[in-house]
$ cat run06.txt   # compact mmCIF, C-alpha atoms
# COMPACT_ATOMS: atom_id res chain seq x y z
CA MET U 10 0.00 0.00 0.00
CA ALA U 11 3.00 2.27 0.36
CA GLY U 12 4.25 4.50 -2.40
CA SER U 13 3.93 8.10 -3.36
CA VAL U 14 0.71 9.42 -4.76
CA GLU U 15 2.43 10.18 -8.05
CA ALA U 16 3.53 6.57 -8.45
CA ASN U 17 -0.11 5.51 -8.48
CA ALA U 18 -2.96 6.14 -10.84
CA VAL U 19 -4.61 8.61 -8.48
CA GLY U 20 -1.90 10.99 -9.60
CA ALA U 21 -3.67 11.02 -12.96
CA VAL U 22 -6.67 12.91 -11.58
CA ASP U 23 -7.02 15.99 -9.49
CA ARG U 24 -6.27 15.19 -5.87
CA ALA U 25 -9.46 16.84 -4.59
CA VAL U 26 -11.57 14.85 -7.06
CA CYS U 27 -9.98 11.64 -5.89
CA VAL U 28 -10.52 12.50 -2.21
CA GLU U 29 -14.13 13.35 -3.00
CA TRP U 30 -14.65 9.96 -4.65
CA LEU U 31 -12.89 8.05 -1.87
CA GLN U 32 -15.17 9.74 0.67
CA ARG U 33 -18.21 8.57 -1.28
CA VAL U 34 -17.11 4.96 -1.11
CA GLY U 35 -15.89 5.26 2.48
CA ASP U 36 -18.94 7.17 3.75
CA ASN U 37 -21.34 4.57 2.32
CA ALA U 38 -19.56 1.92 4.37
CA LEU U 39 -19.34 4.13 7.45
CA ILE U 40 -22.97 5.26 7.57
CA LEU U 41 -24.45 1.87 6.65
CA GLY U 42 -22.08 0.22 9.14
CA HIS U 43 -23.31 2.59 11.83
CA ARG U 44 -26.95 1.98 10.94
CA VAL U 45 -26.51 -1.79 11.05
CA SER U 46 -24.65 -1.52 14.37
CA GLU U 47 -27.78 0.08 15.84
CA TRP U 48 -29.33 -3.42 15.82
CA CYS U 49 -26.70 -4.69 18.22
CA GLY U 50 -28.60 -6.05 21.21
CA HIS U 51 -31.99 -5.53 19.51
CA ALA U 52 -32.11 -8.05 16.65
CA PRO U 53 -34.99 -10.55 16.56
CA ALA U 54 -32.75 -13.49 17.48
CA LEU U 55 -29.35 -13.85 19.12
CA GLU U 56 -27.85 -15.45 16.00
CA GLU U 57 -29.15 -12.60 13.84
CA ASP U 58 -27.78 -10.08 16.30
CA ILE U 59 -24.26 -11.46 15.97
CA ALA U 60 -24.55 -11.73 12.19
CA LEU U 61 -25.59 -8.07 11.94
CA ALA U 62 -22.82 -6.95 14.27
CA ASN U 63 -20.28 -8.84 12.15
CA GLN U 64 -21.58 -7.16 9.04
CA ALA U 65 -21.46 -3.72 10.67
CA LEU U 66 -17.85 -4.37 11.65
CA ASP U 67 -16.97 -5.47 8.10
CA LEU U 68 -18.33 -2.17 6.81
CA ILE U 69 -16.59 -0.04 9.44
CA GLY U 70 -13.35 -1.86 8.63
CA GLN U 71 -13.79 -1.10 4.94
CA CYS U 72 -14.54 2.54 5.74
CA GLN U 73 -11.30 2.76 7.70
CA LEU U 74 -9.35 1.65 4.62
CA TRP U 75 -11.15 3.97 2.19
CA LEU U 76 -10.98 7.02 4.44
CA GLY U 77 -7.39 6.16 5.32
CA LEU U 78 -6.54 6.29 1.64
CA ALA U 79 -8.54 9.52 1.28
CA ALA U 80 -6.45 11.06 4.06
CA GLU U 81 -3.23 9.84 2.42
CA VAL U 82 -4.15 11.21 -1.01
CA GLU U 83 -5.31 14.48 0.51
CA GLY U 84 -1.89 14.83 2.13
CA LYS U 85 -2.93 17.32 4.81
CA GLY U 86 -2.04 15.11 7.73
CA ARG U 87 -5.60 14.08 8.58
CA THR U 88 -6.39 10.52 9.67
CA ALA U 89 -9.33 8.27 8.80
CA ASP U 90 -10.72 8.88 12.30
CA GLN U 91 -10.59 12.63 11.88
CA ILE U 92 -12.41 12.40 8.56
CA ALA U 93 -15.08 10.14 10.10
CA TYR U 94 -15.61 11.98 13.37
CA LEU U 95 -14.91 15.62 12.65
CA ARG U 96 -16.90 16.39 9.53
CA ASP U 97 -20.39 17.88 9.60
CA ALA U 98 -23.32 16.45 7.66
CA GLY U 99 -22.78 18.64 4.58
CA ALA U 100 -19.29 17.18 4.12
CA PHE U 101 -20.52 13.57 4.06
CA ARG U 102 -20.78 11.95 0.65
CA ASN U 103 -22.81 8.78 1.33
CA LEU U 104 -25.90 7.79 -0.63
CA LEU U 105 -29.29 8.75 0.81
CA LEU U 106 -30.24 5.05 0.89
CA VAL U 107 -27.71 4.12 3.57
CA GLU U 108 -28.80 6.83 5.99
CA ARG U 109 -32.47 5.69 5.91
CA PRO U 110 -33.63 4.59 9.36
CA ASN U 111 -33.57 0.90 10.22
CA GLY U 112 -37.38 0.74 10.46
CA ASP U 113 -38.55 -2.81 10.99
CA PHE U 114 -36.36 -5.79 10.20
CA GLY U 115 -37.84 -5.89 6.68
CA GLN U 116 -36.70 -2.35 5.93
CA THR U 117 -33.24 -3.08 7.27
CA LEU U 118 -33.00 -6.15 5.07
CA ILE U 119 -34.30 -4.53 1.90
CA ARG U 120 -31.95 -1.57 2.36
CA GLN U 121 -29.08 -4.00 2.87
CA PHE U 122 -29.99 -6.12 -0.14
CA LEU U 123 -30.43 -3.16 -2.51
CA PHE U 124 -27.09 -1.75 -1.38
CA ASP U 125 -25.22 -5.10 -1.34
CA ALA U 126 -26.24 -5.77 -4.96
CA PHE U 127 -24.73 -2.38 -5.92
CA HIS U 128 -21.75 -2.71 -3.59
CA ILE U 129 -20.64 -6.07 -5.02
CA ALA U 130 -20.83 -4.78 -8.60
CA LEU U 131 -18.80 -1.70 -7.64
CA LEU U 132 -16.15 -3.65 -5.72
CA ARG U 133 -15.76 -6.26 -8.46
CA ALA U 134 -15.05 -3.48 -10.93
CA LEU U 135 -12.68 -1.80 -8.46
CA THR U 136 -10.55 -4.94 -8.14
CA GLU U 137 -9.40 -4.04 -11.66
CA SER U 138 -8.70 -0.42 -10.78
CA SER U 139 -5.64 1.20 -12.33
CA ASP U 140 -4.68 2.28 -8.81
CA PRO U 141 -3.16 -0.67 -6.91
CA ARG U 142 -4.25 0.70 -3.52
CA VAL U 143 -7.87 0.96 -4.63
CA ALA U 144 -7.70 -2.52 -6.16
CA GLY U 145 -6.17 -3.86 -2.94
CA ILE U 146 -8.91 -2.51 -0.69
CA ALA U 147 -11.56 -3.75 -3.12
CA ALA U 148 -10.04 -7.25 -3.19
CA LYS U 149 -10.35 -7.49 0.58
CA ALA U 150 -13.84 -5.98 0.75
CA VAL U 151 -15.31 -7.95 -2.14
CA LYS U 152 -15.11 -11.22 -0.19
CA GLU U 153 -16.93 -9.71 2.78
CA VAL U 154 -19.59 -8.15 0.61
CA ALA U 155 -20.13 -11.38 -1.36
CA TYR U 156 -21.22 -12.89 1.95
CA HIS U 157 -23.34 -9.85 2.84
CA LEU U 158 -25.21 -10.22 -0.45
CA GLU U 159 -25.59 -13.97 -0.09
CA ARG U 160 -27.10 -13.45 3.34
CA SER U 161 -29.36 -10.48 2.57
CA ALA U 162 -30.63 -12.08 -0.67
CA ASP U 163 -31.39 -15.31 1.17
CA LEU U 164 -33.34 -13.51 3.89
CA VAL U 165 -35.23 -11.38 1.36
CA VAL U 166 -36.35 -14.59 -0.37
CA ARG U 167 -37.27 -16.30 2.89
CA LEU U 168 -39.30 -13.39 4.23
CA GLY U 169 -40.72 -12.28 0.88
CA ASP U 170 -41.89 -15.80 0.17
CA GLY U 171 -42.75 -16.42 3.82
CA THR U 172 -45.95 -15.71 5.71
CA ALA U 173 -48.60 -13.20 4.58
CA GLU U 174 -47.30 -10.72 7.13
CA SER U 175 -43.63 -11.10 6.27
CA HIS U 176 -44.45 -10.78 2.56
CA ASP U 177 -46.49 -7.66 3.22
CA ARG U 178 -43.73 -6.04 5.28
CA MET U 179 -41.06 -6.85 2.69
CA GLN U 180 -43.14 -5.43 -0.14
CA LYS U 181 -43.81 -2.25 1.85
CA ALA U 182 -40.11 -1.91 2.64
CA LEU U 183 -39.25 -2.38 -1.03
CA ASP U 184 -41.78 0.25 -2.14
CA LEU U 185 -40.45 2.60 0.53
CA LEU U 186 -36.76 2.26 -0.32
CA PHE U 187 -36.77 1.71 -4.08
CA PRO U 188 -36.95 5.48 -4.75
CA TYR U 189 -33.49 5.76 -3.17
CA THR U 190 -31.78 3.35 -5.57
CA GLY U 191 -31.47 5.68 -8.55
CA GLU U 192 -28.78 7.75 -6.87
CA MET U 193 -26.41 4.77 -6.90
CA PHE U 194 -26.18 4.91 -10.70
CA THR U 195 -25.92 8.64 -11.39
CA ASP U 196 -22.71 9.85 -13.03
CA ASP U 197 -21.28 13.28 -12.32
CA ALA U 198 -18.03 15.09 -13.08
CA THR U 199 -16.22 13.31 -10.21
CA ASP U 200 -17.33 9.90 -11.46
CA ARG U 201 -16.34 10.72 -15.02
CA ALA U 202 -12.88 11.93 -14.01
CA MET U 203 -12.29 8.76 -12.00
CA ALA U 204 -13.55 6.57 -14.85
CA GLU U 205 -11.33 8.33 -17.38
CA ALA U 206 -8.31 7.65 -15.17
CA GLY U 207 -9.35 4.00 -15.03
CA ILE U 208 -9.54 4.13 -11.24
CA ALA U 209 -13.27 3.48 -10.86
CA PRO U 210 -16.16 2.40 -13.08
CA LEU U 211 -18.87 4.84 -14.12
CA PRO U 212 -21.76 4.19 -11.72
CA SER U 213 -24.24 3.91 -14.60
CA ARG U 214 -22.20 1.00 -15.96
CA LEU U 215 -23.06 -1.02 -12.82
CA LYS U 216 -26.80 -0.79 -13.38
CA PRO U 217 -27.35 -3.82 -15.68
CA GLU U 218 -25.68 -6.18 -13.20
CA TRP U 219 -27.67 -4.68 -10.31
CA ASP U 220 -30.90 -4.93 -12.30
CA ARG U 221 -30.27 -8.62 -12.96
CA THR U 222 -29.44 -9.46 -9.33
CA VAL U 223 -32.43 -7.54 -8.00
CA ALA U 224 -34.85 -8.97 -10.58
CA ASP U 225 -33.75 -12.57 -9.86
CA VAL U 226 -34.00 -12.26 -6.10
CA LEU U 227 -37.29 -10.35 -6.09
CA GLU U 228 -38.83 -12.91 -8.41
CA GLU U 229 -37.82 -15.75 -6.14
CA ALA U 230 -39.06 -13.74 -3.17
CA THR U 231 -42.46 -13.26 -4.89
CA LEU U 232 -42.03 -9.49 -4.45
CA THR U 233 -43.11 -6.94 -7.05
CA GLN U 234 -40.42 -4.67 -8.48
CA PRO U 235 -41.73 -1.11 -8.07
CA GLY U 236 -40.52 -0.31 -11.62
CA GLN U 237 -39.99 3.24 -12.86
CA VAL U 238 -40.74 5.34 -9.80
CA TRP U 239 -39.68 8.85 -8.90
CA GLN U 240 -36.12 8.84 -7.55
CA HIS U 241 -34.48 10.92 -4.81
CA GLY U 242 -31.10 12.53 -5.27
CA VAL U 243 -30.64 11.89 -8.99
CA LYS U 244 -30.45 15.49 -10.18
CA GLY U 245 -27.10 16.17 -8.57
CA GLN U 246 -28.79 17.09 -5.28
CA GLY U 247 -28.29 14.00 -3.21
CA GLY U 248 -26.06 12.42 -0.62
CA LYS U 249 -23.21 12.07 -3.11
CA THR U 250 -22.96 15.84 -3.28
CA GLY U 251 -23.60 16.44 0.42
CA VAL U 252 -27.35 17.21 0.28
CA HIS U 253 -28.64 14.84 2.96
CA SER U 254 -31.89 13.92 4.63
CA GLU U 255 -32.53 15.00 8.22
CA TYR U 256 -31.54 11.52 9.39
CA LEU U 257 -27.82 12.00 8.85
CA GLY U 258 -27.58 14.71 11.52
CA PHE U 259 -29.00 12.35 14.14
CA ILE U 260 -26.59 9.61 13.09
CA LEU U 261 -23.64 11.98 13.43
CA ALA U 262 -24.88 13.31 16.77
CA GLU U 263 -24.57 9.82 18.17
CA MET U 264 -21.55 8.64 16.17
CA GLN U 265 -19.42 11.74 16.72
CA PHE U 266 -20.49 12.59 20.26
CA LEU U 267 -17.38 11.34 21.96
CA GLN U 268 -14.88 13.12 19.72
CA ARG U 269 -16.93 16.31 19.85
CA ALA U 270 -17.35 16.30 23.63
CA TYR U 271 -13.82 15.10 24.38
CA PRO U 272 -11.67 16.18 21.43
CA GLY U 273 -8.77 13.83 20.75
CA ALA U 274 -9.97 11.24 23.28
CA THR U 275 -8.39 7.82 22.79
CA TRP U 276 -8.81 4.49 24.57
CA MET L 1 -39.20 -16.00 17.99
CA SER L 2 -35.98 -17.95 18.43
CA SER L 3 -37.79 -20.39 20.73
CA GLU L 4 -39.74 -21.62 17.69
CA TRP L 5 -36.56 -22.48 15.83
CA PRO L 6 -35.02 -25.90 16.41
CA LEU L 7 -31.67 -26.28 18.11
CA TRP L 8 -28.60 -27.33 16.11
CA GLU L 9 -25.27 -28.70 17.31
CA ILE L 10 -22.30 -27.11 15.57
CA PHE L 11 -19.06 -28.85 14.65
CA ILE L 12 -16.09 -26.92 13.28
CA ARG L 13 -12.90 -28.21 11.69
CA GLY L 14 -10.11 -25.86 12.65
CA GLN L 15 -7.54 -26.87 10.05
CA HIS L 16 -7.37 -29.27 7.18
CA GLY L 17 -6.61 -32.74 8.46
CA LEU L 18 -8.04 -32.20 11.94
CA ASN L 19 -11.36 -33.57 13.15
CA HIS L 20 -14.52 -31.55 13.35
CA ARG L 21 -15.01 -30.60 17.00
CA HIS L 22 -18.21 -29.78 18.79
CA VAL L 23 -18.13 -26.05 19.57
CA GLY L 24 -21.66 -25.34 20.78
CA SER L 25 -25.22 -25.00 19.64
CA LEU L 26 -27.55 -22.40 18.15
CA HIS L 27 -31.09 -21.91 16.86
CA ALA L 28 -31.97 -21.77 13.16
CA PRO L 29 -35.05 -22.51 11.05
CA ASP L 30 -33.23 -24.94 8.75
CA ALA L 31 -29.83 -26.49 8.00
CA GLU L 32 -28.76 -23.87 5.50
CA MET L 33 -29.37 -21.04 7.95
CA ALA L 34 -27.79 -23.05 10.74
CA ILE L 35 -24.57 -23.07 8.67
CA ARG L 36 -24.77 -19.32 8.08
CA ASN L 37 -25.48 -18.66 11.73
CA ALA L 38 -22.62 -20.94 12.74
CA ARG L 39 -20.34 -19.03 10.40
CA ASP L 40 -21.31 -15.79 12.13
CA VAL L 41 -21.40 -17.08 15.70
CA TYR L 42 -18.49 -19.55 15.80
CA THR L 43 -15.98 -18.70 13.05
CA ARG L 44 -15.67 -14.92 13.37
CA ARG L 45 -12.14 -15.22 14.74
CA ASN L 46 -10.96 -17.38 11.89
CA GLU L 47 -11.52 -20.63 13.77
CA GLY L 48 -12.68 -22.83 10.95
CA VAL L 49 -12.32 -24.26 7.47
CA SER L 50 -15.42 -26.47 7.57
CA ILE L 51 -18.74 -26.51 9.41
CA TRP L 52 -21.08 -29.41 10.17
CA VAL L 53 -24.52 -28.84 11.64
CA VAL L 54 -26.75 -31.55 13.13
CA ARG L 55 -30.24 -31.17 14.55
CA SER L 56 -29.86 -31.65 18.30
CA ASN L 57 -32.95 -33.88 18.23
CA ASP L 58 -31.16 -36.25 15.86
CA ILE L 59 -28.40 -36.97 18.34
CA THR L 60 -28.88 -40.06 20.48
CA ALA L 61 -26.95 -39.77 23.71
CA SER L 62 -25.99 -42.34 26.29
CA SER L 63 -27.91 -42.01 29.50
CA PRO L 64 -26.03 -40.57 32.50
CA SER L 65 -27.76 -43.11 34.77
CA GLU L 66 -26.11 -45.94 32.82
CA LYS L 67 -22.67 -44.49 33.33
CA GLY L 68 -21.68 -47.25 35.74
CA PRO L 69 -22.43 -50.29 33.59
CA LEU L 70 -21.19 -48.54 30.45
CA PHE L 71 -17.85 -47.22 31.58
CA ASP L 72 -16.78 -48.64 34.92
CA PRO L 73 -15.85 -52.12 33.64
CA SER L 74 -13.03 -50.69 31.52
CA ASN L 75 -11.46 -49.03 34.56
CA SER L 76 -9.70 -52.17 35.73
CA LYS L 77 -8.45 -53.30 32.34
CA VAL L 78 -5.14 -51.46 32.07
CA TYR L 79 -3.86 -54.11 29.67
CA ARG L 80 -6.05 -52.50 26.99
CA HIS L 81 -3.61 -49.60 26.87
CA PRO L 82 -0.60 -50.43 24.69
CA THR L 83 1.81 -49.45 27.44
CA PHE L 84 3.47 -52.83 27.97
CA PHE L 85 5.59 -52.84 24.86
CA ASP L 86 9.25 -51.97 24.91
CA ILE L 87 9.93 -49.60 22.07
CA PRO L 88 13.44 -49.88 20.60
CA GLU L 89 15.53 -46.72 20.86
CA GLU L 90 15.90 -46.32 17.10
CA ILE L 91 12.10 -46.07 16.62
CA GLY L 92 12.11 -42.81 18.52
CA HIS L 93 8.96 -41.05 19.66
CA MET L 94 5.68 -42.71 18.77
$ encode --input "run06.txt" --output "structure tokens"
Amino acid sequence: MAGSVEANAVGAVDRAVCVEWLQRVGDNALILGHRVSEWCGHAPALEEDIALANQALDLIGQCQLWLGLAAEVEGKGRTADQIAYLRDAGAFRNLLLVERPNGDFGQTLIRQFLFDAFHIALLRALTESSDPRVAGIAAKAVKEVAYHLERSADLVVRLGDGTAESHDRMQKALDLLFPYTGEMFTDDATDRAMAEAGIAPLPSRLKPEWDRTVADVLEEATLTQPGQVWQHGVKGQGGKTGVHSEYLGFILAEMQFLQRAYPGATW
Amino acid sequence: MSSEWPLWEIFIRGQHGLNHRHVGSLHAPDAEMAIRNARDVYTRRNEGVSIWVVRSNDITASSPSEKGPLFDPSNSKVYRHPTFFDIPEEIGHM
């Protein structure tokens, strides 16, 4: 992972653009990881509780790597922790989908599944990144996320094709969260610069794979794909550009409390 | 909810070539989910390369009250241990 910025492909794009993109990837993992961790001690079964906590930890671990690289590329002496704990909501670059509240277990699962199907497509493409550090992080994360997707898809099928109540809850969760999926596949100037440098794929290029995964699983789950519905955050005014829902502030209030109240605290 | 799920006994093989060892039990609705749950509950510190799951109900156990007749008779039969052979020096440790 060592080496100067110039020796790697990130030298081919503007440093600020690269940092911006790395924060998008890292913040998705951080905010979803935090959301999933909120289930710790509250999941419907002990086994599920541990599985969710493991998954949250996978995501936080990935976030540490992405934000660590962001800090390195930025070259201003910040650390991954400082980026995670000392930015305000407007500086976060995560998708609106991952900051949605946990809701019931169905909403948590649908959110996870819709994101996992995108996440795996993104990470697979990133393993072939022209930047070896990006490819290295992706190679580690892709194994974890393959399991996340296997698990979330399996549970979506079980609960979608389960009892009348579980089916009903899953369908409602799907209808509720589907309008937040469009943002995953929007391309903007940052995405295009990264794609031109061969560091990351254009988000829109990931859509066919996502469509296939989602269609297959929803069919098996006997759930109805909401189809072409109005989408949040697709006109350049979404989480990717720092325009967040009110939920993010509450997440940060809890997540950042310690560093805000006791600056520099370590343990 | 978990009380409605059957109990499963979990066996993990730590390394290739070693036996599967009983590590504990958990609840799951079916075998496939028992394996996933076992992966999350019992292999999160890199303990395993293989998982077996068995419905606890499918295990037949010896009865503790029969311990005497089952096991005591072998107590006095030390000759069943292969400890009476002289091993030649050149064989080394066996």
$ closest_residue --input "run06.txt" --among "U:Ala98, U:Ala62, U:Leu183, U:Val26" --to "Val238 in chain U" --atoms "only C-alpha atoms"
U:Leu183
$ interface_residues --input "run06.txt" --of "chain L" --to "chain U" --cutoff "9 Å" --atoms "all atoms listed in the file" --output "PyMOL selection string"
chain L and resi 1-2+26-28+36-41+44
$ atom_distance --input "run06.txt" --atom1 "CA of Gly77 in chain U" --atom2 "CA of Arg24 in chain U"
14.4 Å
$ closest_residue --input "run06.txt" --among "U:Leu78, U:Val226, U:Ala130, U:Ala206" --to "Asp23 in chain U" --atoms "all atoms listed in the file"
U:Ala206
$ residues_around --input "run06.txt" --residues "range 51-62 of chain L" --least-positions-apart "4" --cutoff "10 Å" --atoms "only C-alpha atoms" --output "PyMOL selection string"
chain L and resi 6-14+20-22+25-28+30-36+38-39+42-43+66-67+70
$ residues_around --input "run06.txt" --residues "Lys152 in chain U" --least-positions-apart "3" --cutoff "10 Å" --atoms "only C-alpha atoms" --output "list in words"
Ile129, Leu132, Arg133, Ala147, Ala148, Lys149, Ala155, Tyr156 and His157 of chain U
$ atom_distance --input "run06.txt" --atom1 "CA of Lys85 in chain U" --atom2 "CA of Gly273 in chain U"
17.3 Å
$ atom_distance --input "run06.txt" --atom1 "CA of Glu81 in chain U" --atom2 "CA of Ala150 in chain U"
19.1 Å
$ closest_residue --input "run06.txt" --among "U:Leu95, U:Leu257, U:Ala162, U:Ala224" --to "Tyr271 in chain U" --atoms "only C-alpha atoms"
U:Leu95
$ residues_around --input "run06.txt" --residues "Trp219 in chain U" --least-positions-apart "3" --cutoff "12 Å" --atoms "all atoms listed in the file" --output "PyMOL selection string"
chain U and resi 122-131+158+190-191+193-194+212-216+222-227
$ write_last_selection --input "run06.txt" --atoms "C-alpha atoms" --output "compact mmCIF listing (two decimals), in the coordinates of the input"
# COMPACT_ATOMS: atom_id res chain seq x y z
CA PHE U 122 -29.99 -6.12 -0.14
CA LEU U 123 -30.43 -3.16 -2.51
CA PHE U 124 -27.09 -1.75 -1.38
CA ASP U 125 -25.22 -5.10 -1.34
CA ALA U 126 -26.24 -5.77 -4.96
CA PHE U 127 -24.73 -2.38 -5.92
CA HIS U 128 -21.75 -2.71 -3.59
CA ILE U 129 -20.64 -6.07 -5.02
CA ALA U 130 -20.83 -4.78 -8.60
CA LEU U 131 -18.80 -1.70 -7.64
CA LEU U 158 -25.21 -10.22 -0.45
CA THR U 190 -31.78 3.35 -5.57
CA GLY U 191 -31.47 5.68 -8.55
CA MET U 193 -26.41 4.77 -6.90
CA PHE U 194 -26.18 4.91 -10.70
CA PRO U 212 -21.76 4.19 -11.72
CA SER U 213 -24.24 3.91 -14.60
CA ARG U 214 -22.20 1.00 -15.96
CA LEU U 215 -23.06 -1.02 -12.82
CA LYS U 216 -26.80 -0.79 -13.38
CA THR U 222 -29.44 -9.46 -9.33
CA VAL U 223 -32.43 -7.54 -8.00
CA ALA U 224 -34.85 -8.97 -10.58
CA ASP U 225 -33.75 -12.57 -9.86
CA VAL U 226 -34.00 -12.26 -6.10
CA LEU U 227 -37.29 -10.35 -6.09
$ residues_around --input "run06.txt" --residues "Met203 in chain U" --least-positions-apart "5" --cutoff "10 Å" --atoms "all atoms listed in the file" --output "compact mmCIF listing (two decimals) with C-alpha atoms, keeping the file's coordinate frame"
# COMPACT_ATOMS: atom_id res chain seq x y z
CA ALA U 18 -2.96 6.14 -10.84
CA VAL U 19 -4.61 8.61 -8.48
CA ALA U 21 -3.67 11.02 -12.96
CA VAL U 22 -6.67 12.91 -11.58
CA ASP U 23 -7.02 15.99 -9.49
CA VAL U 26 -11.57 14.85 -7.06
CA CYS U 27 -9.98 11.64 -5.89
CA TRP U 30 -14.65 9.96 -4.65
CA SER U 138 -8.70 -0.42 -10.78
CA ALA U 198 -18.03 15.09 -13.08
CA ILE U 208 -9.54 4.13 -11.24
CA ALA U 209 -13.27 3.48 -10.86
CA PRO U 210 -16.16 2.40 -13.08
CA LEU U 211 -18.87 4.84 -14.12
